[in-house]
$ cat coords00.txt   # compact mmCIF, C-alpha atoms
# COMPACT_ATOMS: atom_id res chain seq x y z
CA MET X 63 0.00 0.00 0.00
CA THR X 64 1.37 3.41 -0.90
CA LEU X 65 -0.01 6.53 0.69
CA PRO X 66 0.62 9.91 -0.91
CA ASN X 67 3.71 11.62 0.44
CA ASN X 68 2.84 14.77 2.32
CA THR X 69 4.75 17.89 1.31
CA GLU X 70 3.10 20.21 3.82
CA SER X 71 5.14 21.70 6.66
CA SER X 72 4.00 19.10 9.20
CA THR X 73 4.70 15.40 9.02
CA LYS X 74 1.66 13.12 8.95
CA LYS X 75 1.39 10.68 11.83
CA ILE X 76 0.28 7.14 11.16
CA LEU X 77 -0.80 4.88 14.01
CA ILE X 78 -0.47 1.19 13.16
CA ALA X 79 -1.91 -1.66 15.20
CA GLY X 80 -0.06 -4.67 13.91
CA GLU X 81 0.78 -8.24 14.71
CA THR X 82 2.04 -9.50 11.36
CA SER X 83 5.19 -9.33 9.27
CA ILE X 84 3.17 -7.41 6.67
CA SER X 85 2.42 -4.70 9.25
CA VAL X 86 6.16 -4.46 10.03
CA ASN X 87 6.98 -4.13 6.32
CA ILE X 88 4.33 -1.43 5.87
CA ALA X 89 5.64 0.51 8.88
CA ASN X 90 9.19 0.31 7.54
CA ASP X 91 8.14 1.37 4.04
CA LEU X 92 6.03 4.30 5.25
CA SER X 93 8.80 5.50 7.58
CA ASN X 94 10.94 6.00 4.45
CA SER X 95 8.36 8.47 3.11
CA SER X 96 8.53 11.22 5.76
CA TYR X 97 5.64 9.82 7.79
CA GLU X 98 5.98 9.51 11.54
CA ILE X 99 4.98 5.98 12.50
CA ILE X 100 3.56 4.90 15.85
CA PHE X 101 3.55 1.11 15.84
CA VAL X 102 1.58 -0.65 18.57
CA SER X 103 1.74 -4.38 19.14
CA GLU X 104 1.20 -6.80 21.95
CA SER X 105 3.89 -9.06 20.49
CA ILE X 106 7.48 -8.36 21.53
CA ASP X 107 8.57 -10.60 18.64
CA THR X 108 6.73 -8.34 16.17
CA LEU X 109 8.23 -5.19 17.68
CA GLN X 110 11.73 -6.68 17.51
CA LYS X 111 11.30 -7.07 13.73
CA LEU X 112 11.04 -3.29 13.33
CA PRO X 113 14.31 -1.74 12.10
CA GLU X 114 16.32 -0.53 15.10
CA THR X 115 17.78 2.40 13.15
CA LYS X 116 14.27 3.68 12.33
CA ILE X 117 13.36 3.52 16.03
CA SER X 118 16.56 5.21 17.24
CA GLU X 119 16.23 7.94 14.60
CA GLY X 120 12.64 8.60 15.71
CA HIS X 121 10.96 7.54 12.46
CA ILE X 122 9.13 4.69 14.19
CA LYS X 123 7.85 4.75 17.76
CA ALA X 124 7.40 1.15 18.97
CA ILE X 125 4.91 0.54 21.78
CA ASN X 126 4.24 -2.76 23.50
CA THR X 127 0.66 -2.95 24.77
CA ASP X 128 -2.38 -5.19 24.56
CA ILE X 129 -4.23 -3.87 21.51
CA THR X 130 -7.31 -5.92 22.43
CA ASP X 131 -7.62 -3.87 25.64
CA ILE X 132 -8.96 -0.58 24.29
CA THR X 133 -8.36 1.26 27.60
CA SER X 134 -4.69 0.29 27.53
CA PHE X 135 -4.37 0.96 23.81
CA GLU X 136 -6.06 4.38 23.95
CA LYS X 137 -3.32 5.71 26.25
CA TYR X 138 -0.98 5.76 23.25
CA ILE X 139 -3.24 7.61 20.84
CA GLU X 140 -1.78 11.02 20.18
CA GLU X 141 -4.15 13.86 19.37
CA ASP X 142 -2.60 14.68 16.03
CA VAL X 143 -2.74 11.22 14.44
CA ASP X 144 -3.81 11.58 10.81
CA ILE X 145 -4.13 7.94 9.72
CA PHE X 146 -4.90 4.70 11.55
CA LEU X 147 -4.08 1.29 10.06
CA ALA X 148 -5.57 -1.84 11.68
CA LEU X 149 -3.38 -4.68 10.44
CA THR X 150 -4.00 -7.54 12.85
CA ASN X 151 -5.16 -11.03 11.90
CA SER X 152 -8.65 -10.40 13.31
CA ASP X 153 -11.37 -8.86 11.11
CA SER X 154 -13.53 -8.04 14.11
CA MET X 155 -10.66 -6.39 16.01
CA ASN X 156 -9.58 -4.41 12.95
CA GLY X 157 -13.11 -3.18 12.29
CA PHE X 158 -13.78 -2.40 15.94
CA MET X 159 -10.53 -0.44 16.34
CA CYS X 160 -11.18 1.54 13.15
CA GLN X 161 -14.66 2.50 14.35
CA ILE X 162 -13.25 3.76 17.65
CA MET X 163 -10.43 5.66 15.96
CA LYS X 164 -12.73 7.27 13.38
CA HIS X 165 -15.81 8.04 15.46
CA ILE X 166 -14.42 8.61 18.97
CA HIS X 167 -10.87 9.87 18.33
CA ASN X 168 -11.75 11.62 15.05
CA ILE X 169 -8.83 10.22 13.11
CA PRO X 170 -9.72 11.26 9.55
CA ILE X 171 -8.41 8.22 7.67
CA THR X 172 -8.86 4.70 9.02
CA VAL X 173 -7.92 1.58 7.08
CA CYS X 174 -8.46 -2.01 8.10
CA VAL X 175 -7.55 -5.37 6.68
CA ILE X 176 -10.67 -7.51 6.31
CA GLU X 177 -10.44 -11.11 5.12
CA ASN X 178 -14.19 -11.75 5.06
CA ALA X 179 -15.47 -10.00 1.93
CA ASN X 180 -19.01 -9.98 3.39
CA TYR X 181 -17.96 -7.13 5.73
CA LEU X 182 -16.37 -4.85 3.13
CA GLU X 183 -19.53 -2.92 2.27
CA LEU X 184 -20.47 -2.53 5.95
CA TYR X 185 -17.13 -0.95 6.89
CA ASN X 186 -17.01 1.16 3.73
CA ASN X 187 -20.48 2.51 4.62
CA LEU X 188 -19.08 3.50 8.03
CA GLY X 189 -16.39 5.58 6.30
CA ILE X 190 -13.64 3.04 6.96
CA LYS X 191 -11.36 2.14 4.10
CA THR X 192 -10.88 -1.60 3.71
CA ILE X 193 -8.28 -3.88 2.21
CA ASN X 194 -9.17 -7.42 1.26
CA ARG X 195 -6.31 -9.64 0.04
CA THR X 196 -8.56 -11.83 -2.10
CA SER X 197 -10.04 -8.80 -3.88
CA LEU X 198 -6.55 -7.39 -4.42
CA MET X 199 -5.34 -10.68 -5.91
CA ILE X 200 -8.36 -10.96 -8.21
CA GLU X 201 -7.89 -7.38 -9.37
CA SER X 202 -4.17 -7.89 -9.93
CA ILE X 203 -4.66 -11.10 -11.90
CA THR X 204 -7.45 -9.58 -13.96
CA ASN X 205 -5.30 -6.53 -14.76
CA SER X 206 -2.39 -8.78 -15.70
CA LEU X 207 -4.57 -10.65 -18.19
CA ASN X 208 -5.91 -7.50 -19.87

$ encode --input "coords00.txt" --output "structure tokens"
Amino acid sequence: MTLPNNTESSTKKILIAGETSISVNIANDLSNSSYEIIFVSESIDTLQKLPETKISEGHIKAINTDITDITSFEKYIEEDVDIFLALTNSDSMNGFMCQIMKHIHNIPITVCVIENANYLELYNNLGIKTINRTSLMIESITNSLN
């Protein structure tokens, strides 16, 4: 996923809730594009996969907390977060966190990974952007054949 690079005077902040190697790769990639990344995970193993240089240089802020405990997780939400990415392995957790971030914390852009295509329209109707791997693969294959 590529987000547009911001050329305004302030750096955009992206809050990522992640438990997967894909979420680590996305955090690393986005930190190369002048975004400030706040990466929250309950897994120490996941956090240890983040590039140490990016953390020490302040491009990625790594936070170990239980992302399923909203009270604990909410302590790390900074007021000026522009984008929230829910990249866990749980559709329900991703959707739930995006709803909280969008409608309670007023984060303007929320994106969640949803494996069950039946929920895509529901979350899109709530103003939450969704990513579905199956749909992306179908689209990619179809485009490759055309």

$ closest_residue --input "coords00.txt" --among "X:Ile125, X:Val102, X:Leu184, X:Ile139" --to "Ile162 in chain X" --atoms "only C-alpha atoms"
X:Ile139

$ closest_residue --input "coords00.txt" --among "X:Tyr185, X:Pro170, X:Thr127, X:Tyr138" --to "Ser154 in chain X" --atoms "all atoms listed in the file"
X:Tyr185

$ closest_residue --input "coords00.txt" --among "X:Leu77, X:Leu188, X:Ala179, X:Ile171" --to "Ala89 in chain X" --atoms "only C-alpha atoms"
X:Leu77

$ closest_residue --input "coords00.txt" --among "X:Asn186, X:Thr130, X:Asn168, X:Ser96" --to "Thr150 in chain X" --atoms "all atoms listed in the file"
X:Thr130

$ axis_aligned_box --input "coords00.txt" --around "range 158-168 of chain X" --padding-each-side "3 Å" --output "AutoDock Vina command-line options"
--center_x -13.1 --center_y 4.6 --center_z 16.1 --size_x 11.4 --size_y 20.0 --size_z 11.8

$ closest_residue --input "coords00.txt" --among "X:Ile99, X:Ala148, X:Met163, X:Ile200" --to "Ile176 in chain X" --atoms "all atoms listed in the file"
X:Ala148

$ closest_residue --input "coords00.txt" --among "X:Leu182, X:Ile169, X:Cys174, X:Ile129" --to "Glu104 in chain X" --atoms "all atoms listed in the file"
X:Ile129

$ atom_distance --input "coords00.txt" --atom1 "CA of Met199 in chain X" --atom2 "CA of Glu81 in chain X"
21.6 Å
